[in-house]
Amino acid sequence: MTAGEDFLRRCEKARKGDPSGYRDGMRKAFFTSLPFCPEELLEDLLEELEDLSGSGEKELEEILSAVIDLMTGDKQGKETPLRDRELTAVYQGVNDYAQQLPEDLVFQVMRTAVERGLLG
């Protein structure tokens with residue numbers, strides 16, 4: 001099971017538990033999936049990706065799951081299902097916080113963005 005799949009499992013559990021607390025449960029699951037990231041980065045990503053998802057909770061969950069898999073190294077490069085605009089948001093966030101992140105995480109996100117042709 002990838003870290004992203006575990007995140008989706010925890011979101012489903014939060015949805016079945018207390019529906020009014022679902023958003024807090026999803027947020028907590030996202031933050032605990034990436035404990036090596038600064039909280040400010042995760043806040044920024046959550047806000048940006050929420051705006052990009054547009055169509056609801058399930059789509060946002062899938063996007064966050066893909067972000068988690070990319071940032072934990074479970075899925076890299078062309079394996080990631082992130083769309084270009086989502087990957088750009090992740091790249092920009094990682095770039096902004098690069099000094100506070102593990103070097104291998106920064107490298108894999110940048111490499112994925114380069115492979116997609118998002119960086120010139």
# chains A, B, ... in the order shown; residues from 1 in each chain; ligands from 1

call {"tool": "closest_atom_pairs", "arguments": {"of": "region 41-83 of chain A", "to": "region 26-29 of chain A", "cutoff": "10 Å", "atoms": "only C-alpha atoms", "output": "CSV"}}
result
residue,atom,partner,partner_atom,distance
A:Leu42,CA,A:Arg27,CA,9.3
A:Glu43,CA,A:Arg27,CA,9.0
A:Leu46,CA,A:Arg27,CA,8.1
A:Glu57,CA,A:Met26,CA,9.4
A:Leu60,CA,A:Met26,CA,9.8
A:Glu61,CA,A:Met26,CA,7.9
A:Leu64,CA,A:Met26,CA,9.5

call {"tool": "write_last_selection", "arguments": {"atoms": "C-alpha atoms", "output": "mmCIF file, in the first residue's frame"}}
result
data_model
loop_
_atom_site.group_PDB
_atom_site.id
_atom_site.type_symbol
_atom_site.label_atom_id
_atom_site.label_comp_id
_atom_site.auth_asym_id
_atom_site.auth_seq_id
_atom_site.Cartn_x
_atom_site.Cartn_y
_atom_site.Cartn_z
ATOM 1 C CA LEU A 42 1.188 21.771 3.538
ATOM 2 C CA GLU A 43 -1.254 24.609 4.301
ATOM 3 C CA LEU A 46 -3.922 22.282 0.523
ATOM 4 C CA GLU A 57 -14.068 16.197 -2.023
ATOM 5 C CA LEU A 60 -9.381 16.696 -3.943
ATOM 6 C CA GLU A 61 -8.682 13.414 -2.141
ATOM 7 C CA LEU A 64 -3.774 14.913 -2.424
#

call {"tool": "residues_around", "arguments": {"residues": "Asp69 (chain A)", "least_positions_apart": "6", "cutoff": "8 Å", "atoms": "only C-alpha atoms", "output": "PDB file with N, CA and C atoms, in the first residue's frame"}}
result
ATOM      1  N   THR A   2       0.622   2.165  -0.906  1.00  0.00           N
ATOM      2  CA  THR A   2       1.393   3.406  -0.939  1.00  0.00           C
ATOM      3  C   THR A   2       0.882   4.355   0.146  1.00  0.00           C
ATOM      4  N   ALA A   3       1.667   5.375   0.430  1.00  0.00           N
ATOM      5  CA  ALA A   3       1.244   6.382   1.414  1.00  0.00           C
ATOM      6  C   ALA A   3      -0.024   7.090   0.939  1.00  0.00           C
ATOM      7  N   GLY A   4      -0.157   7.293  -0.366  1.00  0.00           N
ATOM      8  CA  GLY A   4      -1.355   7.921  -0.915  1.00  0.00           C
ATOM      9  C   GLY A   4      -2.590   7.046  -0.736  1.00  0.00           C
ATOM     10  N   LYS A  75       5.461   7.115  -6.050  1.00  0.00           N
ATOM     11  CA  LYS A  75       5.245   7.225  -7.510  1.00  0.00           C
ATOM     12  C   LYS A  75       5.997   8.447  -7.976  1.00  0.00           C
ATOM     13  N   GLN A  76       6.810   8.261  -8.995  1.00  0.00           N
ATOM     14  CA  GLN A  76       7.629   9.357  -9.492  1.00  0.00           C
ATOM     15  C   GLN A  76       7.476   9.493 -10.994  1.00  0.00           C
ATOM     16  N   THR A  80       3.042   9.592 -11.900  1.00  0.00           N
ATOM     17  CA  THR A  80       2.117  10.439 -11.162  1.00  0.00           C
ATOM     18  C   THR A  80       0.922  10.845 -12.018  1.00  0.00           C
TER      19      THR A  80
END

call {"tool": "select_by_dssp", "arguments": {"residues": "region 17-90 of chain A", "states": "helix (DSSP H, G or I)", "output": "VMD selection string"}}
result
chain A and resid 19 to 33 39 to 53 57 to 72 77 to 79 84 to 90

call {"tool": "residues_around", "arguments": {"residues": "Leu41 (chain A)", "least_positions_apart": "2", "cutoff": "9 Å", "atoms": "only C-alpha atoms", "output": "MDAnalysis selection string"}}
result
chainID A and resid 37:39 43:46 93:94 96:97

call {"tool": "atom_distance", "arguments": {"atom1": "CA of Leu49 (chain A)", "atom2": "CA of Ala89 (chain A)"}}
result
7.5 Å

call {"tool": "closest_residue", "arguments": {"among": "A:Met1, A:Leu82, A:Met71, A:Val90", "to": "Gln108 (chain A)", "atoms": "only C-alpha atoms"}}
result
A:Met71

call {"tool": "residues_around", "arguments": {"residues": "Glu115 (chain A)", "least_positions_apart": "5", "cutoff": "10 Å", "atoms": "only C-alpha atoms", "output": "JSON, numbers by chain"}}
result
{"A": [77, 78, 109, 110]}

call {"tool": "atom_distance", "arguments": {"atom1": "CA of Asp24 (chain A)", "atom2": "CA of Leu70 (chain A)"}}
result
22.5 Å

call {"tool": "closest_residue", "arguments": {"among": "A:Tyr91, A:Glu62, A:Asp51, A:Cys11", "to": "Val106 (chain A)", "atoms": "only C-alpha atoms"}}
result
A:Tyr91

call {"tool": "closest_residue", "arguments": {"among": "A:Arg9, A:Arg116, A:Arg15, A:Arg23", "to": "Pro81 (chain A)", "atoms": "only C-alpha atoms"}}
result
A:Arg116
